[in-house]
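Colleague: Contents of my_file_12.csv (CSV, C-alpha atoms (C1' of nucleotides)) are given next:
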chain,number,residue,atom,x,y,z
A,1,MET,CA,-2.0,0.8,7.7
A,2,ILE,CA,0.6,-0.7,5.4
A,3,ARG,CA,-1.2,-2.6,2.7
A,4,LEU,CA,-0.1,-5.7,1.2
A,5,ASN,CA,-2.0,-7.1,-1.8
A,6,ARG,CA,-5.0,-9.2,-1.3
A,7,LEU,CA,-3.3,-11.8,-3.4
A,8,THR,CA,-0.6,-12.1,-0.8
A,9,ASP,CA,-3.2,-12.7,1.7
A,10,TYR,CA,-4.7,-15.5,-0.4
A,11,ALA,CA,-1.2,-16.9,-0.9
A,12,ILE,CA,-0.8,-17.4,2.8
A,13,VAL,CA,-4.2,-19.1,3.0
A,14,VAL,CA,-3.5,-21.4,0.1
A,15,LEU,CA,-0.1,-22.2,1.5
A,16,GLY,CA,-1.8,-23.1,4.7
A,17,GLN,CA,-3.9,-25.5,2.9
A,18,LEU,CA,-0.9,-27.0,1.2
A,19,ALA,CA,1.0,-27.3,4.4
A,20,GLN,CA,-1.7,-29.3,6.0
A,21,GLY,CA,-1.9,-31.7,3.2
A,22,ASP,CA,1.0,-33.9,4.3
A,23,SER,CA,3.1,-32.9,1.3
A,24,GLU,CA,0.6,-34.4,-1.1
A,25,SER,CA,0.1,-32.8,-4.4
A,26,ARG,CA,-3.1,-30.7,-4.6
A,27,THR,CA,-4.7,-29.4,-7.8
A,28,ALA,CA,-5.6,-25.8,-8.2
A,29,ALA,CA,-9.2,-26.8,-8.2
A,30,GLN,CA,-9.0,-28.5,-4.9
A,31,LEU,CA,-7.2,-25.6,-3.3
A,32,ALA,CA,-9.8,-23.2,-4.7
A,33,GLN,CA,-12.6,-25.2,-3.2
A,34,ASP,CA,-10.9,-25.7,0.2
A,35,SER,CA,-10.0,-22.0,0.5
A,36,GLY,CA,-13.2,-20.5,-0.9
A,37,VAL,CA,-11.2,-18.4,-3.3
A,38,PRO,CA,-12.3,-18.4,-7.0
A,39,LEU,CA,-10.3,-20.8,-9.1
A,40,PRO,CA,-8.8,-18.4,-11.6
A,41,THR,CA,-7.5,-16.3,-8.8
A,42,VAL,CA,-6.0,-19.2,-6.9
A,43,SER,CA,-4.4,-20.3,-10.1
A,44,LYS,CA,-2.8,-17.0,-10.5
A,45,VAL,CA,-1.5,-17.0,-6.9
A,46,LEU,CA,-0.2,-20.5,-7.3
A,47,LYS,CA,1.6,-19.5,-10.5
A,48,MET,CA,3.3,-16.7,-8.7
A,49,LEU,CA,4.3,-18.9,-5.8
A,50,ALA,CA,5.7,-21.5,-8.1
A,51,HIS,CA,7.7,-18.7,-9.8
A,52,GLY,CA,9.1,-17.7,-6.5
A,53,LYS,CA,10.1,-21.3,-5.8
A,54,ILE,CA,7.9,-21.5,-2.8
A,55,ILE,CA,6.0,-24.4,-4.3
A,56,THR,CA,6.6,-26.8,-7.1
A,57,SER,CA,4.2,-27.6,-9.9
A,58,GLN,CA,3.7,-30.8,-11.7
A,59,ARG,CA,2.0,-30.5,-15.0
A,60,GLY,CA,0.0,-33.1,-16.8
A,61,VAL,CA,-2.9,-35.3,-16.1
A,62,SER,CA,-2.2,-36.0,-12.4
A,63,GLY,CA,-0.4,-32.8,-11.7
A,64,GLY,CA,-0.7,-30.4,-8.9
A,65,TYR,CA,1.2,-28.3,-6.5
A,66,THR,CA,3.4,-29.1,-3.5
A,67,LEU,CA,5.4,-27.1,-1.0
A,68,ALA,CA,9.0,-26.8,-2.3
A,69,ARG,CA,10.2,-27.3,1.2
A,70,PRO,CA,8.9,-27.8,4.7
A,71,ALA,CA,6.7,-25.1,6.2
A,72,VAL,CA,9.3,-24.4,8.8
A,73,LEU,CA,11.7,-23.3,6.1
A,74,ILE,CA,9.3,-20.9,4.4
A,75,THR,CA,9.3,-17.5,5.9
A,76,VAL,CA,6.7,-14.8,5.5
A,77,ALA,CA,9.4,-12.7,3.9
A,78,ASP,CA,9.8,-15.4,1.2
A,79,ILE,CA,6.1,-15.4,0.5
A,80,ILE,CA,5.8,-11.6,0.3
A,81,ALA,CA,8.9,-11.4,-1.8
A,82,ALA,CA,7.4,-13.9,-4.2
A,83,MET,CA,4.1,-12.1,-4.4
A,84,GLU,CA,5.2,-8.5,-4.3
A,85,GLY,CA,8.8,-8.4,-5.2
A,86,PRO,CA,11.7,-7.3,-3.0
A,87,ILE,CA,10.6,-6.2,0.5
A,88,ALA,CA,11.0,-2.5,1.0
A,89,LEU,CA,8.9,0.4,1.7
A,90,THR,CA,8.4,2.4,-1.5
A,91,ALA,CA,10.1,5.7,-1.4
A,92,CYS,CA,12.9,7.6,-3.0
A,93,VAL,CA,14.8,4.6,-1.9
A,94,ASP,CA,14.0,2.7,-5.0
A,95,GLY,CA,16.7,4.2,-7.0
A,96,ALA,CA,16.9,5.9,-10.4
A,97,SER,CA,17.8,9.5,-10.1
A,98,GLY,CA,15.0,10.4,-12.4
A,99,GLY,CA,12.4,8.8,-10.1
A,100,CYS,CA,12.4,11.4,-7.4
A,101,GLU,CA,11.9,14.9,-8.4
A,102,VAL,CA,12.7,16.5,-5.1
A,103,GLU,CA,15.8,14.5,-4.9
A,104,THR,CA,18.2,17.3,-4.4
A,105,LEU,CA,16.0,18.8,-1.7
A,106,CYS,CA,15.3,15.6,0.2
A,107,PRO,CA,17.8,15.4,3.0
A,108,MET,CA,17.3,11.8,3.7
A,109,ARG,CA,17.6,9.7,0.6
A,110,GLY,CA,18.9,6.3,1.5
A,111,ASN,CA,18.1,6.2,5.1
A,112,TRP,CA,15.0,4.2,4.3
A,113,ASP,CA,17.4,1.5,3.9
A,114,LYS,CA,17.7,1.1,7.6
A,115,VAL,CA,14.0,0.9,8.0
A,116,ASN,CA,13.7,-1.6,5.2
A,117,ARG,CA,16.3,-3.9,6.6
A,118,ALA,CA,14.5,-3.9,9.9
A,119,ILE,CA,11.3,-4.9,8.3
A,120,ARG,CA,12.9,-7.5,6.2
A,121,ASP,CA,14.4,-9.0,9.3
A,122,ALA,CA,11.1,-8.9,11.1
A,123,LEU,CA,9.4,-10.8,8.3
A,124,THR,CA,12.1,-13.3,7.9
A,125,ALA,CA,11.7,-14.2,11.5
A,126,VAL,CA,8.2,-15.6,11.1
A,127,THR,CA,7.8,-18.9,9.3
A,128,LEU,CA,4.7,-20.4,7.6
A,129,GLN,CA,4.7,-23.0,10.2
A,130,GLU,CA,4.3,-20.4,12.9
A,131,MET,CA,1.5,-18.8,11.0
A,132,LEU,CA,-0.3,-22.1,11.0
A,133,THR,CA,-0.1,-23.0,14.7
A,134,VAL,CA,-2.8,-21.0,16.3
A,135,PRO,CA,-1.8,-20.2,19.9
A,136,ALA,CA,-4.2,-21.5,22.5
A,137,GLY,CA,-6.9,-19.0,23.5
A,138,PHE,CA,-5.9,-16.2,21.2
A,139,ASP,CA,-8.2,-13.3,20.4
A,140,PRO,CA,-9.3,-13.6,16.8
A,141,PHE,CA,-9.9,-9.9,16.6
A,142,PRO,CA,-7.1,-8.1,18.4
A,143,LEU,CA,-7.6,-4.6,17.0
A,144,ALA,CA,-10.9,-3.0,16.3
A,145,ARG,CA,-9.7,-0.6,13.7
A,146,PRO,CA,-11.7,2.0,11.8
A,147,PRO,CA,-12.5,1.0,8.2
A,148,ARG,CA,-9.6,2.0,6.0
A,149,GLY,CA,-9.2,5.6,5.1
A,150,LEU,CA,-6.5,7.8,6.2
A,151,ALA,CA,-8.6,10.9,6.1
A,152,ALA,CA,-11.5,9.3,7.8
A,153,ALA,CA,-9.2,7.7,10.4
A,154,GLN,CA,-9.2,9.2,13.9
B,155,MET,CA,7.3,-4.4,-2.5
B,156,ILE,CA,5.2,-3.2,0.4
B,157,ARG,CA,3.8,0.1,-0.5
B,158,LEU,CA,3.3,3.0,1.7
B,159,ASN,CA,1.4,6.0,0.4
B,160,ARG,CA,3.2,8.7,-1.5
B,161,LEU,CA,1.8,11.2,1.0
B,162,THR,CA,3.7,9.4,3.7
B,163,ASP,CA,6.8,9.9,1.7
B,164,TYR,CA,6.0,13.6,1.4
B,165,ALA,CA,5.4,13.7,5.1
B,166,ILE,CA,8.9,12.6,5.8
B,167,VAL,CA,10.3,15.2,3.5
B,168,VAL,CA,8.3,18.0,4.9
B,169,LEU,CA,9.1,16.9,8.4
B,170,GLY,CA,12.7,17.0,7.4
B,171,GLN,CA,12.3,20.6,6.4
B,172,LEU,CA,10.6,21.4,9.6
B,173,ALA,CA,13.3,19.8,11.7
B,174,GLN,CA,16.0,21.8,10.0
B,175,GLY,CA,14.2,25.1,10.8
B,176,ASP,CA,15.4,25.5,14.3
B,177,SER,CA,11.9,25.0,15.7
B,178,GLU,CA,10.7,28.1,14.0
B,179,SER,CA,7.2,28.2,12.6
B,180,ARG,CA,6.9,27.7,8.9
B,181,THR,CA,3.9,28.3,6.8
B,182,ALA,CA,2.5,25.7,4.4
B,183,ALA,CA,3.4,27.9,1.5
B,184,GLN,CA,7.1,28.0,2.6
B,185,LEU,CA,7.2,24.3,3.1
B,186,ALA,CA,5.7,23.7,-0.3
B,187,GLN,CA,8.3,25.9,-2.0
B,188,ASP,CA,11.2,24.3,-0.1
B,189,SER,CA,10.1,20.8,-0.7
B,190,GLY,CA,9.0,21.2,-4.3
B,191,VAL,CA,5.6,19.6,-3.5
B,192,PRO,CA,2.5,21.4,-4.6
B,193,LEU,CA,0.9,23.5,-1.9
B,194,PRO,CA,-2.5,21.8,-1.7
B,195,THR,CA,-0.8,18.5,-1.2
B,196,VAL,CA,1.6,19.8,1.4
B,197,SER,CA,-1.3,21.4,3.1
B,198,LYS,CA,-3.1,18.1,3.2
B,199,VAL,CA,-0.1,16.3,4.6
B,200,LEU,CA,0.4,19.0,7.2
B,201,LYS,CA,-3.1,18.7,8.3
B,202,MET,CA,-2.8,15.0,8.8
B,203,LEU,CA,0.4,15.3,10.7
B,204,ALA,CA,-1.1,17.9,12.9
B,205,HIS,CA,-4.0,15.6,13.5
B,206,GLY,CA,-1.6,12.9,14.5
B,207,LYS,CA,0.1,15.3,17.0
B,208,ILE,CA,3.4,15.1,15.2
B,209,ILE,CA,3.4,18.8,14.6
B,210,THR,CA,1.4,21.7,16.0
B,211,SER,CA,-0.3,24.3,14.1
B,212,GLN,CA,-0.9,28.0,14.7
B,213,ARG,CA,-3.7,29.5,13.0
B,214,GLY,CA,-4.2,33.1,12.1
B,215,VAL,CA,-2.2,35.8,10.3
B,216,SER,CA,1.2,34.8,11.4
B,217,GLY,CA,0.5,31.2,11.9
B,218,GLY,CA,2.4,28.1,10.7
B,219,TYR,CA,3.6,24.7,11.7
B,220,THR,CA,6.2,23.5,14.2
B,221,LEU,CA,7.4,20.1,15.3
B,222,ALA,CA,5.4,19.1,18.4
B,223,ARG,CA,8.5,17.6,19.9
B,224,PRO,CA,12.2,17.2,19.0
B,225,ALA,CA,13.0,15.1,16.0
B,226,VAL,CA,14.7,12.5,18.2
B,227,LEU,CA,11.4,11.8,19.8
B,228,ILE,CA,9.5,11.3,16.6
B,229,THR,CA,9.7,7.8,15.3
B,230,VAL,CA,8.9,6.6,11.8
B,231,ALA,CA,6.2,4.5,13.3
B,232,ASP,CA,4.6,7.7,14.6
B,233,ILE,CA,4.7,9.3,11.2
B,234,ILE,CA,3.3,6.3,9.4
B,235,ALA,CA,0.6,5.9,12.0
B,236,ALA,CA,-0.4,9.5,11.5
B,237,MET,CA,-0.5,9.2,7.8
B,238,GLU,CA,-1.9,5.7,7.3
B,239,GLY,CA,-3.6,4.7,10.6
B,240,PRO,CA,-2.4,1.9,12.8
B,241,ILE,CA,0.6,0.0,11.6
B,242,ALA,CA,-0.4,-3.5,10.5
B,243,LEU,CA,-0.3,-5.5,7.4
B,244,THR,CA,-3.7,-5.7,6.0
B,245,ALA,CA,-5.2,-9.1,6.2
B,246,CYS,CA,-8.0,-11.0,7.9
B,247,VAL,CA,-6.3,-9.6,11.0
B,248,ASP,CA,-8.1,-6.4,10.8
B,249,GLY,CA,-11.2,-7.6,12.5
B,250,ALA,CA,-14.9,-7.5,11.6
B,251,SER,CA,-16.1,-11.0,11.1
B,252,GLY,CA,-17.8,-9.9,7.9
B,253,GLY,CA,-14.6,-8.7,6.4
B,254,CYS,CA,-13.1,-12.1,5.6
B,255,GLU,CA,-15.2,-14.5,3.7
B,256,VAL,CA,-12.9,-17.5,4.1
B,257,GLU,CA,-12.8,-16.8,7.8
B,258,THR,CA,-13.9,-20.2,8.9
B,259,LEU,CA,-11.5,-21.9,6.6
B,260,CYS,CA,-8.5,-19.8,7.3
B,261,PRO,CA,-6.3,-21.7,9.8
B,262,MET,CA,-4.2,-18.7,10.8
B,263,ARG,CA,-6.3,-15.8,11.7
B,264,GLY,CA,-4.6,-13.7,14.2
B,265,ASN,CA,-1.1,-14.9,13.7
B,266,TRP,CA,-0.5,-11.9,11.6
B,267,ASP,CA,-0.4,-10.2,14.9
B,268,LYS,CA,3.1,-11.5,15.5
B,269,VAL,CA,4.3,-10.2,12.2
B,270,ASN,CA,2.6,-6.8,12.8
B,271,ARG,CA,4.2,-6.4,16.2
B,272,ALA,CA,7.6,-7.1,14.7
B,273,ILE,CA,7.2,-4.5,12.1
B,274,ARG,CA,5.8,-2.0,14.5
B,275,ASP,CA,8.9,-2.5,16.6
B,276,ALA,CA,11.2,-2.1,13.7
B,277,LEU,CA,9.6,1.2,12.7
B,278,THR,CA,9.6,2.5,16.2
B,279,ALA,CA,13.3,2.0,16.4
B,280,VAL,CA,14.0,4.6,13.8
B,281,THR,CA,13.6,8.3,14.6
B,282,LEU,CA,13.1,11.2,12.3
B,283,GLN,CA,16.5,12.5,13.5
B,284,GLU,CA,18.1,9.3,12.2
B,285,MET,CA,16.4,9.7,8.9
B,286,LEU,CA,17.9,13.2,8.6
B,287,THR,CA,21.5,12.4,9.3
B,288,VAL,CA,22.9,10.9,6.2
B,289,PRO,CA,25.7,8.5,7.0
B,290,ALA,CA,29.1,9.5,5.6
B,291,GLY,CA,29.7,7.9,2.3
B,292,PHE,CA,26.5,6.1,1.8
B,293,ASP,CA,25.4,4.8,-1.6
B,294,PRO,CA,22.5,6.9,-2.7
B,295,PHE,CA,21.2,4.1,-4.9
B,296,PRO,CA,21.5,0.8,-3.1
B,297,LEU,CA,19.2,-1.1,-5.3
B,298,ALA,CA,19.0,-0.4,-9.0
B,299,ARG,CA,15.5,-0.9,-10.0
B,300,PRO,CA,13.4,0.8,-12.7
B,301,PRO,CA,11.6,3.9,-11.5
B,302,ARG,CA,8.0,3.5,-10.8
B,303,GLY,CA,6.2,6.1,-13.0
B,304,LEU,CA,5.8,8.9,-10.6
B,305,ALA,CA,3.0,10.6,-12.5
B,306,ALA,CA,5.2,13.6,-13.1
B,307,ALA,CA,4.2,15.4,-9.9
B,308,GLN,CA,6.5,18.3,-10.4
C,309,DA,C1',-14.5,46.9,14.0
C,310,DC,C1',-12.8,45.4,9.9
C,311,DC,C1',-9.6,43.2,6.8
C,312,DA,C1',-6.1,40.1,5.4
C,313,DA,C1',-3.4,35.9,6.3
C,314,DA,C1',-3.2,31.3,7.3
C,315,DG,C1',-5.0,26.8,8.8
C,316,DA,C1',-9.2,23.3,9.0
C,317,DG,C1',-12.2,20.5,6.9
C,318,DG,C1',-14.8,18.3,3.5
C,319,DA,C1',-16.1,17.1,-1.3
C,320,DC,C1',-14.8,15.8,-5.7
C,321,DC,C1',-12.5,14.1,-9.9
C,322,DG,C1',-9.1,11.7,-12.8
C,323,DG,C1',-5.6,8.4,-13.1
C,324,DA,C1',-3.2,4.5,-11.8
C,325,DT,C1',-3.2,0.0,-9.9
C,326,DT,C1',-5.1,-4.3,-9.0
C,327,DA,C1',-8.2,-8.1,-8.8
C,328,DG,C1',-10.4,-11.1,-11.5
C,329,DT,C1',-11.4,-13.5,-16.1
C,330,DA,C1',-10.7,-15.9,-20.3
C,331,DC,C1',-8.4,-18.4,-23.8
C,332,DG,C1',-4.9,-20.8,-26.1
C,333,DA,C1',-0.5,-23.5,-25.5
C,334,DT,C1',2.1,-27.1,-23.4
C,335,DA,C1',3.2,-31.0,-20.8
C,336,DT,C1',2.2,-35.7,-18.9
C,337,DA,C1',0.2,-40.1,-17.8
C,338,DA,C1',-2.9,-43.6,-19.0
D,339,DT,C1',-3.5,-40.4,-28.8
D,340,DT,C1',-6.5,-38.4,-25.6
D,341,DA,C1',-7.9,-36.5,-21.4
D,342,DT,C1',-6.4,-33.7,-17.7
D,343,DA,C1',-4.1,-30.0,-15.5
D,344,DT,C1',-0.7,-26.4,-15.4
D,345,DC,C1',1.5,-22.3,-17.9
D,346,DG,C1',1.5,-17.9,-20.0
D,347,DT,C1',-0.5,-13.8,-21.7
D,348,DA,C1',-3.8,-10.5,-22.7
D,349,DC,C1',-7.9,-8.1,-21.4
D,350,DT,C1',-11.6,-5.8,-18.6
D,351,DA,C1',-13.9,-3.9,-14.7
D,352,DA,C1',-13.7,-2.1,-10.3
D,353,DT,C1',-11.4,-0.2,-6.7
D,354,DC,C1',-8.3,2.9,-4.5
D,355,DC,C1',-5.5,6.9,-4.0
D,356,DG,C1',-3.3,11.1,-5.1
D,357,DG,C1',-4.2,15.6,-6.0
D,358,DT,C1',-7.1,19.8,-6.3
D,359,DC,C1',-10.6,23.0,-5.1
D,360,DC,C1',-13.8,25.5,-2.2
D,361,DT,C1',-15.6,27.3,2.0
D,362,DC,C1',-15.3,28.2,6.9
D,363,DT,C1',-12.8,29.5,11.1
D,364,DT,C1',-9.2,31.6,13.6
D,365,DT,C1',-6.1,35.4,14.6
D,366,DG,C1',-3.3,39.5,14.4
D,367,DG,C1',-2.8,44.0,12.5
D,368,DT,C1',-4.7,48.5,11.0
Rewrite the structure from the file as structure tokens, please.

Modeller:
Amino acid sequence: MIRLNRLTDYAIVVLGQLAQGDSESRTAAQLAQDSGVPLPTVSKVLKMLAHGKIITSQRGVSGGYTLARPAVLITVADIIAAMEGPIALTACVDGASGGCEVETLCPMRGNWDKVNRAIRDALTAVTLQEMLTVPAGFDPFPLARPPRGLAAAQ
Amino acid sequence: MIRLNRLTDYAIVVLGQLAQGDSESRTAAQLAQDSGVPLPTVSKVLKMLAHGKIITSQRGVSGGYTLARPAVLITVADIIAAMEGPIALTACVDGASGGCEVETLCPMRGNWDKVNRAIRDALTAVTLQEMLTVPAGFDPFPLARPPRGLAAAQ
DNA sequence: ACCAAAGAGGACCGGATTAGTACGATATAA
DNA sequence: TTATATCGTACTAATCCGGTCCTCTTTGGT
């Protein structure tokens, strides 16, 4: 199970709220209430998204947040990148010769790149809009997975 | 940055060692020495891989580990699945109605499935063999980013 | 039959990461 | 000028994960 941060999850939810709002400006408080996520946390998420240029913020008395562009043009890759930095599986890949101690022994430095690119492409192919449109008659709980835990798993 | 466990990283390295060994049996101690990873940790990794049917183990006095099948037939998806459980981005996706508190509000439960499938496909497309063969003249450090403190694990 | 080697399995602990909170600063419209 | 709402940063608590240790089981050799 590859984990992405809970905040990223929230980000998607919040963006969903924003996308439904007909491009109207919504305050952090509104979004917090609508999403059920505590205000400070939503605020944090919104800040990160604004930083990543996914949404725009308007300060001041009647301020709020708006999608920076239509939901169709926002990809999951964009969102994840905003929330977690560049999309890549963490490994020796991430540079800096000092970082990986078994560097000289590891026969495959750099080949993660291929994997990373594949994943990046996969994530770029899905837009926020697609995440919002729930297909008719889909199964809400596709995989019944064991609680997390690698050792406990299987 | 999507994180996969450090153990998964080790798994790839260790499997690399195994793949080079002409299908000979190697003990955990040997692999630990060759990979530079502490024995208990390597042992744990090997156990998990054996559990996932990636490698086979032979107990007893002249025991050891061997790849369960040729490196060409072992995909990165297999390895990650063995180390971290089913491949999916953690989200409301992962079932159990109690798990997600904003469930009723979240307009996009289940659409992660599309993303997950894409990622799974991407990972399945890369084999251990491919990870081993370093392309001629590749750049060892494609992205220059600060090293993540690796806890000085020898 | 016994002993040594090697893996299997589980429990445990410390450290690192992250979620969540709080507070002060800044901008804006009325 | 004041009320409102975001911005930015610092801090704390809880969770998760990597790593280690210990004991049991299996197996081959003596």

Colleague: Mind pulling up the distance from atom CA of Ile79 of chain A to atom CA of Asp9 of chain A?

Modeller: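 Taking atom CA of Asp9 of chain A as the start and atom CA of Ile79 of chain A as the end point, the length is 9.8 Å.
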
Colleague: Between A:Thr75, A:Thr41, A:Gln33, A:Thr27, which one has atoms that come closest to chain C, using only C-alpha atoms (C1' of nucleotides)?

Modeller: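 Using only C-alpha atoms (C1' of nucleotides), chain C sits closest to A:Thr41.
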
Colleague: Using all atoms listed in the file, find each residue of chain C with at least one atom at most 12 Å away from an atom of chain B; report its shortest atom-to-atom pair and that distance in Å (one decimal), sort the rows by chain and rising residue number, and return the result as a tab-separated table.

Modeller:
residue	atom	partner	partner_atom	distance
C:DC311	C1'	B:Val215	CA	11.0
C:DA312	C1'	B:Val215	CA	7.6
C:DA313	C1'	B:Val215	CA	4.2
C:DA314	C1'	B:Gly214	CA	5.2
C:DG315	C1'	B:Arg213	CA	5.2
C:DA316	C1'	B:Lys201	CA	7.7
C:DG317	C1'	B:Lys201	CA	9.4
C:DG318	C1'	B:Lys198	CA	11.7
C:DG323	C1'	B:Ala305	CA	8.9
C:DA324	C1'	B:Ala305	CA	8.7
C:DT325	C1'	B:Gly303	CA	11.6

Colleague: What are the residues of chain D lining chain A at 8 Å or less? Count only C-alpha atoms (C1' of nucleotides), and put the answer as a list of chain:residue names.

Modeller: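 Residues passing the distance filter: D:DA341, D:DT342, D:DA343, D:DT344, D:DC345.
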
Colleague: Taking into account only C-alpha atoms, which residue in the set A:Thr124, A:Ile119, A:Leu39, A:Ala71 is nearest to chain B?

Modeller: A:Ile119

Colleague: Between atom CA of Gly85 of chain A and atom CA of Arg274 of chain B, what distance in Å does the model show, to one decimal?

Modeller: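 Distance between the two atoms: 20.9 Å.
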
Colleague: Quick one: of A:Thr66, A:Gln20, A:Ser35, A:Gln129, who's nearest to chain B, counting only C-alpha atoms?

Modeller: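 With only C-alpha atoms as the atom set, the closest residue is A:Ser35.
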
Colleague: Have a look at atom C1' of DT361 of chain D and atom CA of Pro194 of chain B and let me know their distance in Å, one decimal.

Modeller: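 Atom-to-atom, atom C1' of DT361 of chain D to atom CA of Pro194 of chain B, that is 14.7 Å.
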
Colleague: Compare A:Asp78, A:Asp121, A:Glu84, A:Asp113 by their minimum atom-to-atom distance to chain B, counting all atoms listed in the file, and give me the closest one.

Modeller: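 Closest to chain B, using all atoms listed in the file: A:Glu84.
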